[in-house]
There are 2 protein chains.
Amino acid sequence: MIKHSRQRECIKKFLANRYDHPTAETVYLNVRKEFPNISLGTVYRNLSLLTKLGEIRKLSTGMGPDRFDGNISPHYHILCTKCGNVMDLEIENIDHINTLANSGFDGEIEGHVTYFFGKCRDCLEK
Amino acid sequence: MIKHSRQRECIKKFLANRYDHPTAETVYLNVRKEFPNISLGTVYRNLSLLTKLGEIRKLSTGMGPDRFDGNISPHYHILCTKCGNVMDLEIENIDHINTLANSGFDGEIEGHVTYFFGKCRDCLEK
DNA sequence: TTCATAAACAATAATGATTACTATTATTTT
DNA sequence: AAAATAATAGTAATCATTATTGTTTATGAA
C-alpha cells in the first residue's frame, strides 16, 4: 500500500517541468530548495518507485549516471557525444523493428530501447 | 605506443570463444585459470582498451553491469527480462532509423544503440 | 646482448552511483 | 484520537569501475 508523500510529489513536479532529463543528483539538489532535509536515498527510492509505477521514465544511456524523464509519452532520445546533453527526439513510430527482431529470435520480443547519438547544433557550430 | 601483453591476448581469446556476453567479473574469473595473479583492474583496463581499439564491443544494457562481446560484426542483442541472459540477434539492417531520427533533430545523427527485450524460449516454457 | 624507456602489471586505495538499514516522523485507518 | 504502518532522514554498506603506485616486462636502440 502506497501512502502519499510531499517529497515524492515534489520530485514528480520537478521532473514534469524539466526537459533536460536530470540525474538523481540534480533532482536532489533542486528538491532540496523546498525540502532542505530530504536525503539522497529518499530521492533514489522515489525515482525508482515512480519508474516502477510508470509515472516517469528512467534513461540508462550507458554514458554517465541514469537520467529521469517526466514525460512518459512515447518518444526517443539523442545523446550529444560532445557536450553530453540528452535531448528529446520526435520520430515516427519504429515498432516494426520489434517484428523484425522477432523473426530472427526463438522467443518473444516485448519491446526495445533505442538511444541515438550524434552532435547537437551548438556543438556542430563550435 | 601499444605493447603486446599475454594477459590482453588471453582476454581477447576468451571473449572470441564465448557467445554469452560475459561481464568483467566473469572474464576475470576465467582468465585467472591461465593467469592466477591477474588483477581485476588489469581486466577492466584491457577491456576498455580493446573496446577503444574496436576489437571488442561493450554492452551497456542498463540491467546489471556492463557486458562484453568478442563479435564486432554488426548485430543486435535481446535481453530476457526473466533470466537476464543476453543473446545475439540476427536482424536485417535498420540504419534507416538514423535517417528518420535526423529528420526530427537539428544536428547530426551518427548512429544508435538498440537493445530488445522480451522472453527467451526457455523462460517462455517454464 | 645489454641497456634504456615506457607500457603493462599486481595490489590496493579511491571514487561514483546506488541500495540497505534503523530509529523517527507522517499518513492513513480504525 | 489512537493504532498501524509506510515513508522519511541520516548514515552505512555495496557494487561497479577507475586511479595510484611501485615493480615487471616488452620493445627498440646502442
# chains A, B, ... in the order shown; residues from 1 in each chain; ligands from 1

call {"tool": "calpha_fit_and_write", "arguments": {"fixed": "chain A", "moving": "chain B", "output": "compact mmCIF listing (two decimals) with N, CA and C atoms, in the first residue's frame"}}
result
# COMPACT_ATOMS: atom_id res chain seq x y z
N MET B 1 0.46 -0.94 0.04
CA MET B 1 -0.34 0.29 0.01
C MET B 1 0.59 1.51 0.00
N ILE B 2 0.33 2.38 -0.96
CA ILE B 2 1.20 3.54 -1.14
C ILE B 2 0.60 4.78 -0.48
N LYS B 3 1.40 5.41 0.37
CA LYS B 3 0.92 6.62 1.04
C LYS B 3 1.44 7.85 0.32
N HIS B 4 0.65 8.88 0.37
CA HIS B 4 1.09 10.14 -0.21
C HIS B 4 2.30 10.68 0.53
N SER B 5 3.20 11.30 -0.21
CA SER B 5 4.31 12.00 0.46
C SER B 5 4.61 13.30 -0.28
N ARG B 6 4.83 14.34 0.49
CA ARG B 6 5.08 15.64 -0.11
C ARG B 6 6.40 15.64 -0.88
N GLN B 7 7.36 14.88 -0.35
CA GLN B 7 8.65 14.79 -1.02
C GLN B 7 8.49 14.18 -2.42
N ARG B 8 7.74 13.09 -2.49
CA ARG B 8 7.54 12.44 -3.80
C ARG B 8 6.82 13.35 -4.77
N GLU B 9 5.80 14.04 -4.24
CA GLU B 9 5.05 14.99 -5.07
C GLU B 9 5.98 16.04 -5.68
N CYS B 10 6.89 16.50 -4.83
CA CYS B 10 7.82 17.55 -5.25
C CYS B 10 8.79 17.05 -6.32
N ILE B 11 9.26 15.82 -6.15
CA ILE B 11 10.16 15.20 -7.14
C ILE B 11 9.45 15.09 -8.49
N LYS B 12 8.20 14.62 -8.44
CA LYS B 12 7.43 14.44 -9.66
C LYS B 12 7.17 15.78 -10.36
N LYS B 13 6.81 16.77 -9.57
CA LYS B 13 6.53 18.10 -10.11
C LYS B 13 7.80 18.70 -10.73
N PHE B 14 8.92 18.47 -10.06
CA PHE B 14 10.19 18.98 -10.59
C PHE B 14 10.48 18.39 -11.96
N LEU B 15 10.32 17.08 -12.06
CA LEU B 15 10.59 16.41 -13.35
C LEU B 15 9.61 16.86 -14.43
N ALA B 16 8.38 17.14 -14.04
CA ALA B 16 7.37 17.53 -15.02
C ALA B 16 7.72 18.86 -15.69
N ASN B 17 8.56 19.64 -15.04
CA ASN B 17 8.90 20.97 -15.56
C ASN B 17 10.31 21.05 -16.14
N ARG B 18 10.96 19.90 -16.25
CA ARG B 18 12.32 19.89 -16.80
C ARG B 18 12.34 19.09 -18.08
N TYR B 19 13.12 19.58 -19.03
CA TYR B 19 13.17 18.88 -20.31
C TYR B 19 14.58 18.42 -20.64
N ASP B 20 15.45 18.38 -19.61
CA ASP B 20 16.84 18.01 -19.85
C ASP B 20 17.23 16.68 -19.22
N HIS B 21 16.19 15.93 -18.73
CA HIS B 21 16.45 14.57 -18.24
C HIS B 21 17.52 14.55 -17.16
N PRO B 22 17.22 15.16 -16.00
CA PRO B 22 18.23 15.29 -14.94
C PRO B 22 18.57 13.96 -14.27
N THR B 23 19.75 13.93 -13.65
CA THR B 23 20.18 12.77 -12.88
C THR B 23 19.56 12.84 -11.48
N ALA B 24 19.69 11.74 -10.73
CA ALA B 24 19.20 11.70 -9.35
C ALA B 24 19.84 12.82 -8.53
N GLU B 25 21.11 13.03 -8.73
CA GLU B 25 21.85 14.07 -8.03
C GLU B 25 21.25 15.46 -8.29
N THR B 26 20.94 15.73 -9.56
CA THR B 26 20.34 17.03 -9.91
C THR B 26 18.96 17.18 -9.29
N VAL B 27 18.18 16.12 -9.33
CA VAL B 27 16.86 16.15 -8.69
C VAL B 27 17.03 16.48 -7.21
N TYR B 28 17.97 15.78 -6.59
CA TYR B 28 18.26 15.98 -5.17
C TYR B 28 18.59 17.44 -4.87
N LEU B 29 19.53 18.01 -5.62
CA LEU B 29 19.97 19.39 -5.36
C LEU B 29 18.82 20.39 -5.50
N ASN B 30 17.92 20.12 -6.44
CA ASN B 30 16.82 21.07 -6.66
C ASN B 30 15.67 20.89 -5.68
N VAL B 31 15.33 19.64 -5.39
CA VAL B 31 14.24 19.40 -4.46
C VAL B 31 14.62 19.89 -3.06
N ARG B 32 15.90 19.95 -2.79
CA ARG B 32 16.40 20.43 -1.51
C ARG B 32 16.04 21.89 -1.23
N LYS B 33 15.76 22.64 -2.32
CA LYS B 33 15.35 24.03 -2.11
C LYS B 33 14.02 24.09 -1.35
N GLU B 34 13.18 23.09 -1.60
CA GLU B 34 11.88 23.05 -0.93
C GLU B 34 11.92 22.17 0.32
N PHE B 35 12.75 21.13 0.27
CA PHE B 35 12.89 20.22 1.42
C PHE B 35 14.38 20.11 1.78
N PRO B 36 14.86 21.06 2.56
CA PRO B 36 16.30 21.14 2.83
C PRO B 36 16.86 19.89 3.49
N ASN B 37 16.02 19.10 4.14
CA ASN B 37 16.52 17.91 4.83
C ASN B 37 16.31 16.61 4.07
N ILE B 38 15.79 16.71 2.85
CA ILE B 38 15.55 15.46 2.11
C ILE B 38 16.88 14.76 1.90
N SER B 39 16.88 13.44 1.94
CA SER B 39 18.14 12.73 1.75
C SER B 39 18.19 12.10 0.35
N LEU B 40 19.41 11.91 -0.11
CA LEU B 40 19.60 11.36 -1.45
C LEU B 40 18.92 10.00 -1.58
N GLY B 41 18.94 9.22 -0.51
CA GLY B 41 18.26 7.92 -0.53
C GLY B 41 16.78 8.04 -0.80
N THR B 42 16.16 9.06 -0.23
CA THR B 42 14.73 9.29 -0.47
C THR B 42 14.49 9.61 -1.94
N VAL B 43 15.38 10.40 -2.53
CA VAL B 43 15.25 10.74 -3.94
C VAL B 43 15.35 9.47 -4.79
N TYR B 44 16.37 8.65 -4.53
CA TYR B 44 16.54 7.41 -5.28
C TYR B 44 15.33 6.49 -5.10
N ARG B 45 14.86 6.34 -3.86
CA ARG B 45 13.73 5.45 -3.60
C ARG B 45 12.50 5.90 -4.36
N ASN B 46 12.24 7.20 -4.36
CA ASN B 46 11.05 7.70 -5.04
C ASN B 46 11.19 7.68 -6.56
N LEU B 47 12.39 7.92 -7.05
CA LEU B 47 12.59 7.82 -8.50
C LEU B 47 12.33 6.38 -8.95
N SER B 48 12.79 5.42 -8.16
CA SER B 48 12.55 4.00 -8.49
C SER B 48 11.07 3.68 -8.44
N LEU B 49 10.41 4.15 -7.38
CA LEU B 49 8.98 3.88 -7.22
C LEU B 49 8.18 4.48 -8.37
N LEU B 50 8.45 5.74 -8.68
CA LEU B 50 7.72 6.41 -9.76
C LEU B 50 7.97 5.71 -11.09
N THR B 51 9.19 5.23 -11.28
CA THR B 51 9.51 4.49 -12.50
C THR B 51 8.69 3.20 -12.57
N LYS B 52 8.65 2.49 -11.44
CA LYS B 52 7.90 1.23 -11.37
C LYS B 52 6.42 1.46 -11.63
N LEU B 53 5.91 2.57 -11.12
CA LEU B 53 4.49 2.91 -11.31
C LEU B 53 4.21 3.42 -12.72
N GLY B 54 5.28 3.68 -13.48
CA GLY B 54 5.11 4.17 -14.84
C GLY B 54 4.80 5.66 -14.91
N GLU B 55 5.07 6.40 -13.84
CA GLU B 55 4.76 7.83 -13.84
C GLU B 55 5.92 8.68 -14.35
N ILE B 56 7.10 8.08 -14.37
CA ILE B 56 8.25 8.73 -14.99
C ILE B 56 9.03 7.63 -15.75
N ARG B 57 10.04 8.04 -16.50
CA ARG B 57 10.86 7.06 -17.22
C ARG B 57 12.32 7.19 -16.80
N LYS B 58 12.98 6.05 -16.67
CA LYS B 58 14.41 6.06 -16.36
C LYS B 58 15.20 5.83 -17.64
N LEU B 59 16.23 6.64 -17.85
CA LEU B 59 17.07 6.50 -19.04
C LEU B 59 18.45 6.01 -18.64
N SER B 60 18.77 4.79 -19.03
CA SER B 60 20.11 4.25 -18.79
C SER B 60 20.87 4.28 -20.09
N THR B 61 21.59 5.36 -20.28
CA THR B 61 22.19 5.59 -21.60
C THR B 61 23.54 4.90 -21.77
N GLY B 62 24.13 4.48 -20.64
CA GLY B 62 25.46 3.90 -20.75
C GLY B 62 26.57 4.95 -20.71
N MET B 63 26.17 6.22 -20.79
CA MET B 63 27.14 7.32 -20.64
C MET B 63 26.80 8.07 -19.36
N GLY B 64 27.55 7.84 -18.31
CA GLY B 64 27.26 8.52 -17.04
C GLY B 64 26.08 7.90 -16.31
N PRO B 65 25.67 8.55 -15.22
CA PRO B 65 24.61 7.99 -14.39
C PRO B 65 23.25 8.01 -15.07
N ASP B 66 22.31 7.27 -14.48
CA ASP B 66 20.96 7.22 -15.02
C ASP B 66 20.33 8.61 -15.00
N ARG B 67 19.43 8.83 -15.95
CA ARG B 67 18.70 10.09 -16.02
C ARG B 67 17.22 9.78 -15.94
N PHE B 68 16.41 10.82 -15.66
CA PHE B 68 14.99 10.61 -15.48
C PHE B 68 14.18 11.60 -16.31
N ASP B 69 13.05 11.11 -16.81
CA ASP B 69 12.22 11.88 -17.72
C ASP B 69 10.78 11.90 -17.21
N GLY B 70 10.26 13.12 -16.98
CA GLY B 70 8.89 13.25 -16.50
C GLY B 70 7.87 13.06 -17.61
N ASN B 71 8.35 13.01 -18.84
CA ASN B 71 7.45 12.85 -19.99
C ASN B 71 7.40 11.39 -20.40
N ILE B 72 6.26 10.74 -20.14
CA ILE B 72 6.17 9.30 -20.41
C ILE B 72 5.53 8.99 -21.76
N SER B 73 5.19 10.04 -22.51
CA SER B 73 4.65 9.78 -23.85
C SER B 73 5.75 9.13 -24.69
N PRO B 74 5.37 8.27 -25.65
CA PRO B 74 6.41 7.54 -26.40
C PRO B 74 7.26 8.48 -27.25
N HIS B 75 8.52 8.50 -26.98
CA HIS B 75 9.45 9.31 -27.77
C HIS B 75 10.85 8.77 -27.56
N TYR B 76 11.80 9.25 -28.34
CA TYR B 76 13.17 8.76 -28.28
C TYR B 76 14.10 9.85 -27.79
N HIS B 77 15.37 9.47 -27.63
CA HIS B 77 16.36 10.42 -27.12
C HIS B 77 17.64 10.36 -27.94
N ILE B 78 18.27 11.54 -28.03
CA ILE B 78 19.57 11.63 -28.68
C ILE B 78 20.59 12.17 -27.70
N LEU B 79 21.75 11.54 -27.65
CA LEU B 79 22.84 11.97 -26.77
C LEU B 79 23.90 12.66 -27.60
N CYS B 80 24.22 13.87 -27.25
CA CYS B 80 25.31 14.56 -27.94
C CYS B 80 26.63 14.00 -27.40
N THR B 81 27.43 13.47 -28.34
CA THR B 81 28.68 12.83 -27.92
C THR B 81 29.74 13.86 -27.55
N LYS B 82 29.46 15.15 -27.81
CA LYS B 82 30.43 16.19 -27.43
C LYS B 82 30.08 16.81 -26.08
N CYS B 83 28.85 17.33 -25.93
CA CYS B 83 28.51 18.02 -24.69
C CYS B 83 27.80 17.11 -23.69
N GLY B 84 27.35 15.96 -24.12
CA GLY B 84 26.73 15.00 -23.19
C GLY B 84 25.26 15.25 -22.93
N ASN B 85 24.71 16.30 -23.51
CA ASN B 85 23.28 16.58 -23.30
C ASN B 85 22.40 15.46 -23.88
N VAL B 86 21.27 15.26 -23.25
CA VAL B 86 20.30 14.28 -23.73
C VAL B 86 19.04 15.02 -24.13
N MET B 87 18.68 14.91 -25.39
CA MET B 87 17.54 15.67 -25.90
C MET B 87 16.42 14.77 -26.40
N ASP B 88 15.20 15.32 -26.37
CA ASP B 88 14.05 14.58 -26.89
C ASP B 88 14.12 14.52 -28.40
N LEU B 89 13.49 13.49 -28.94
CA LEU B 89 13.49 13.31 -30.37
C LEU B 89 12.09 12.89 -30.80
N GLU B 90 11.47 13.75 -31.60
CA GLU B 90 10.16 13.36 -32.14
C GLU B 90 10.44 12.55 -33.38
N ILE B 91 9.94 11.35 -33.40
CA ILE B 91 10.21 10.44 -34.51
C ILE B 91 8.98 9.56 -34.68
N GLU B 92 8.70 9.22 -35.95
CA GLU B 92 7.53 8.36 -36.13
C GLU B 92 7.78 6.98 -35.53
N ASN B 93 6.72 6.31 -35.25
CA ASN B 93 6.78 5.00 -34.61
C ASN B 93 7.68 4.01 -35.36
N ILE B 94 8.60 3.36 -34.64
CA ILE B 94 9.47 2.38 -35.30
C ILE B 94 9.32 1.00 -34.68
N ASP B 95 8.13 0.73 -34.16
CA ASP B 95 7.92 -0.57 -33.52
C ASP B 95 8.00 -1.75 -34.49
N HIS B 96 8.05 -1.44 -35.78
CA HIS B 96 8.21 -2.53 -36.75
C HIS B 96 9.54 -3.25 -36.55
N ILE B 97 10.50 -2.59 -35.90
CA ILE B 97 11.78 -3.27 -35.69
C ILE B 97 11.61 -4.42 -34.70
N ASN B 98 10.57 -4.35 -33.86
CA ASN B 98 10.29 -5.48 -32.97
C ASN B 98 9.91 -6.71 -33.77
N THR B 99 9.10 -6.50 -34.80
CA THR B 99 8.68 -7.60 -35.68
C THR B 99 9.89 -8.19 -36.39
N LEU B 100 10.73 -7.30 -36.90
CA LEU B 100 11.97 -7.75 -37.55
C LEU B 100 12.79 -8.60 -36.59
N ALA B 101 12.94 -8.11 -35.37
CA ALA B 101 13.74 -8.81 -34.38
C ALA B 101 13.12 -10.17 -34.05
N ASN B 102 11.79 -10.19 -33.95
CA ASN B 102 11.11 -11.43 -33.60
C ASN B 102 11.33 -12.52 -34.64
N SER B 103 11.44 -12.10 -35.90
CA SER B 103 11.61 -13.10 -36.97
C SER B 103 12.99 -13.74 -36.93
N GLY B 104 13.93 -13.12 -36.25
CA GLY B 104 15.26 -13.71 -36.15
C GLY B 104 15.57 -14.24 -34.77
N PHE B 105 14.53 -14.48 -33.96
CA PHE B 105 14.75 -14.86 -32.56
C PHE B 105 13.75 -15.92 -32.14
N ASP B 106 14.27 -16.99 -31.56
CA ASP B 106 13.42 -18.05 -31.06
C ASP B 106 12.97 -17.70 -29.65
N GLY B 107 11.89 -16.94 -29.56
CA GLY B 107 11.39 -16.46 -28.27
C GLY B 107 10.40 -15.35 -28.55
N GLU B 108 10.19 -14.48 -27.58
CA GLU B 108 9.19 -13.45 -27.77
C GLU B 108 9.74 -12.06 -27.46
N ILE B 109 9.77 -11.20 -28.47
CA ILE B 109 10.22 -9.83 -28.27
C ILE B 109 9.09 -9.02 -27.67
N GLU B 110 9.40 -8.27 -26.63
CA GLU B 110 8.37 -7.44 -25.98
C GLU B 110 8.55 -5.96 -26.30
N GLY B 111 9.76 -5.58 -26.62
CA GLY B 111 9.99 -4.16 -26.90
C GLY B 111 11.46 -3.89 -27.14
N HIS B 112 11.80 -2.62 -27.17
CA HIS B 112 13.20 -2.25 -27.37
C HIS B 112 13.47 -0.91 -26.72
N VAL B 113 14.73 -0.67 -26.44
CA VAL B 113 15.15 0.69 -26.07
C VAL B 113 16.19 1.11 -27.10
N THR B 114 16.07 2.33 -27.56
CA THR B 114 17.01 2.86 -28.55
C THR B 114 17.48 4.24 -28.11
N TYR B 115 18.79 4.43 -28.15
CA TYR B 115 19.34 5.76 -27.94
C TYR B 115 20.12 6.13 -29.19
N PHE B 116 19.82 7.30 -29.73
CA PHE B 116 20.60 7.81 -30.85
C PHE B 116 21.76 8.61 -30.30
N PHE B 117 22.83 8.66 -31.06
CA PHE B 117 23.90 9.56 -30.66
C PHE B 117 24.40 10.35 -31.86
N GLY B 118 24.99 11.50 -31.57
CA GLY B 118 25.43 12.39 -32.64
C GLY B 118 25.87 13.71 -32.04
N LYS B 119 25.76 14.78 -32.85
CA LYS B 119 26.17 16.11 -32.38
C LYS B 119 24.99 17.07 -32.45
N CYS B 120 24.80 17.81 -31.39
CA CYS B 120 23.71 18.79 -31.39
C CYS B 120 24.15 20.04 -32.17
N ARG B 121 23.17 20.90 -32.49
CA ARG B 121 23.43 22.11 -33.27
C ARG B 121 24.55 22.96 -32.66
N ASP B 122 24.45 23.21 -31.36
CA ASP B 122 25.44 24.04 -30.67
C ASP B 122 26.86 23.49 -30.85
N CYS B 123 27.01 22.19 -30.67
CA CYS B 123 28.34 21.60 -30.76
C CYS B 123 28.86 21.57 -32.19
N LEU B 124 27.95 21.43 -33.15
CA LEU B 124 28.36 21.44 -34.56
C LEU B 124 28.95 22.80 -34.93
N GLU B 125 28.41 23.87 -34.33
CA GLU B 125 28.83 25.23 -34.70
C GLU B 125 30.09 25.70 -34.00
N LYS B 126 30.54 24.93 -33.03
CA LYS B 126 31.74 25.35 -32.29
C LYS B 126 33.00 24.76 -32.88

call {"tool": "residues_around", "arguments": {"residues": "D:DA3", "least_positions_apart": "2", "cutoff": "12 Å", "atoms": "only C-alpha atoms (C1' of nucleotides)", "output": "NGL selection string"}}
result
(:C and (28-30)) or (:D and (1 or 5))

call {"tool": "closest_atom_pairs", "arguments": {"of": "chain D", "to": "chain A", "cutoff": "12 Å", "atoms": "only C-alpha atoms (C1' of nucleotides)", "output": "CSV"}}
result
residue,atom,partner,partner_atom,distance
D:DT5,C1',A:Met1,CA,9.4
D:DA6,C1',A:Lys3,CA,6.1
D:DA7,C1',A:Ser5,CA,7.2
D:DT8,C1',A:Thr42,CA,7.2
D:DA9,C1',A:Ser39,CA,6.0
D:DG10,C1',A:Ser39,CA,7.6
D:DT11,C1',A:Gly41,CA,10.0
D:DA12,C1',A:Gly41,CA,11.9
D:DT17,C1',A:Gly64,CA,11.8

call {"tool": "interface_residues", "arguments": {"of": "chain C", "to": "chain B", "cutoff": "8 Å", "atoms": "only C-alpha atoms (C1' of nucleotides)", "output": "PDB file with N, CA and C atoms (P, O5', C5', C4', C3', O3' and C1' of nucleotides), in the first residue's frame"}}
result
ATOM      1  P    DA C   7      54.281   4.795 -23.018  1.00  0.00           P
ATOM      2  O5'  DA C   7      53.493   3.428 -23.184  1.00  0.00           O
ATOM      3  C5'  DA C   7      53.967   2.475 -24.116  1.00  0.00           C
ATOM      4  C4'  DA C   7      53.702   1.087 -23.584  1.00  0.00           C
ATOM      5  C3'  DA C   7      52.302   0.915 -23.014  1.00  0.00           C
ATOM      6  O3'  DA C   7      51.803  -0.316 -23.498  1.00  0.00           O
ATOM      7  C1'  DA C   7      53.913   0.298 -21.386  1.00  0.00           C
ATOM      8  P    DA C   8      50.350  -0.798 -23.162  1.00  0.00           P
ATOM      9  O5'  DA C   8      50.589  -1.788 -21.938  1.00  0.00           O
ATOM     10  C5'  DA C   8      51.335  -2.977 -22.150  1.00  0.00           C
ATOM     11  C4'  DA C   8      51.373  -3.756 -20.860  1.00  0.00           C
ATOM     12  C3'  DA C   8      50.016  -3.880 -20.182  1.00  0.00           C
ATOM     13  O3'  DA C   8      49.751  -5.259 -19.955  1.00  0.00           O
ATOM     14  C1'  DA C   8      51.664  -3.094 -18.656  1.00  0.00           C
ATOM     15  P    DC C   9      48.609  -5.765 -19.103  1.00  0.00           P
ATOM     16  O5'  DC C   9      49.247  -5.966 -17.662  1.00  0.00           O
ATOM     17  C5'  DC C   9      50.342  -6.867 -17.538  1.00  0.00           C
ATOM     18  C4'  DC C   9      50.850  -6.851 -16.128  1.00  0.00           C
ATOM     19  C3'  DC C   9      49.761  -7.034 -15.091  1.00  0.00           C
ATOM     20  O3'  DC C   9      49.773  -8.384 -14.653  1.00  0.00           O
ATOM     21  C1'  DC C   9      51.307  -5.288 -14.491  1.00  0.00           C
ATOM     22  P    DA C  10      48.590  -8.865 -13.720  1.00  0.00           P
ATOM     23  O5'  DA C  10      49.123  -8.487 -12.270  1.00  0.00           O
ATOM     24  C5'  DA C  10      50.289  -9.113 -11.746  1.00  0.00           C
ATOM     25  C4'  DA C  10      50.442  -8.737 -10.292  1.00  0.00           C
ATOM     26  C3'  DA C  10      49.245  -9.086  -9.406  1.00  0.00           C
ATOM     27  O3'  DA C  10      49.746  -9.457  -8.128  1.00  0.00           O
ATOM     28  C1'  DA C  10      49.533  -6.714  -9.469  1.00  0.00           C
ATOM     29  P    DA C  11      48.824  -9.924  -6.948  1.00  0.00           P
ATOM     30  O5'  DA C  11      48.687  -8.593  -6.073  1.00  0.00           O
ATOM     31  C5'  DA C  11      49.865  -7.912  -5.659  1.00  0.00           C
ATOM     32  C4'  DA C  11      49.451  -6.650  -4.933  1.00  0.00           C
ATOM     33  C3'  DA C  11      48.202  -6.815  -4.059  1.00  0.00           C
ATOM     34  O3'  DA C  11      48.488  -6.329  -2.762  1.00  0.00           O
ATOM     35  C1'  DA C  11      47.977  -4.944  -5.482  1.00  0.00           C
TER      36       DA C  11
END

call {"tool": "select_by_dssp", "arguments": {"residues": "stretch 10-95 of chain B", "states": "strand (DSSP E)", "output": "PyMOL selection string"}}
result
chain B and resi 57-59+67-69+76-80+86-89

call {"tool": "atom_distance", "arguments": {"atom1": "atom C1' of D:DT14", "atom2": "atom C1' of C:DA14"}}
result
14.7 Å

call {"tool": "select_by_dssp", "arguments": {"residues": "stretch 2-125 of chain A", "states": "alpha helix (DSSP H)", "output": "VMD selection string"}}
result
chain A and resid 6 to 16 24 to 31 40 to 53 96 to 103 121 to 125

call {"tool": "write_last_selection", "arguments": {"atoms": "C-alpha atoms", "output": "compact mmCIF listing (two decimals), in the first residue's frame"}}
result
# COMPACT_ATOMS: atom_id res chain seq x y z
CA ARG A 6 5.02 15.54 -0.10
CA GLN A 7 8.63 14.72 -1.01
CA ARG A 8 7.57 12.34 -3.78
CA GLU A 9 5.04 14.86 -5.05
CA CYS A 10 7.77 17.48 -5.23
CA ILE A 11 10.14 15.16 -7.13
CA LYS A 12 7.43 14.37 -9.65
CA LYS A 13 6.50 18.02 -10.10
CA PHE A 14 10.13 18.96 -10.57
CA LEU A 15 10.56 16.39 -13.34
CA ALA A 16 7.34 17.49 -15.02
CA ALA A 24 19.17 11.76 -9.35
CA GLU A 25 21.83 14.15 -8.03
CA THR A 26 20.29 17.09 -9.91
CA VAL A 27 16.82 16.19 -8.68
CA TYR A 28 18.22 16.04 -5.15
CA LEU A 29 19.91 19.46 -5.36
CA ASN A 30 16.74 21.09 -6.65
CA VAL A 31 14.18 19.40 -4.45
CA LEU A 40 19.59 11.42 -1.45
CA GLY A 41 18.28 7.98 -0.55
CA THR A 42 14.74 9.31 -0.48
CA VAL A 43 15.24 10.75 -3.95
CA TYR A 44 16.55 7.45 -5.31
CA ARG A 45 13.79 5.46 -3.63
CA ASN A 46 11.07 7.68 -5.05
CA LEU A 47 12.61 7.83 -8.50
CA SER A 48 12.62 4.01 -8.51
CA LEU A 49 9.07 3.85 -7.24
CA LEU A 50 7.77 6.37 -9.77
CA THR A 51 9.57 4.48 -12.52
CA LYS A 52 8.02 1.20 -11.40
CA LEU A 53 4.58 2.86 -11.31
CA HIS A 96 8.21 -2.51 -36.77
CA ILE A 97 11.78 -3.27 -35.67
CA ASN A 98 10.24 -5.44 -32.95
CA THR A 99 8.63 -7.58 -35.65
CA LEU A 100 11.93 -7.76 -37.50
CA ALA A 101 13.67 -8.81 -34.32
CA ASN A 102 11.02 -11.41 -33.53
CA SER A 103 11.51 -13.11 -36.88
CA ARG A 121 23.52 22.07 -33.32
CA ASP A 122 25.53 24.01 -30.73
CA CYS A 123 28.43 21.55 -30.79
CA LEU A 124 28.46 21.40 -34.60
CA GLU A 125 28.92 25.16 -34.76
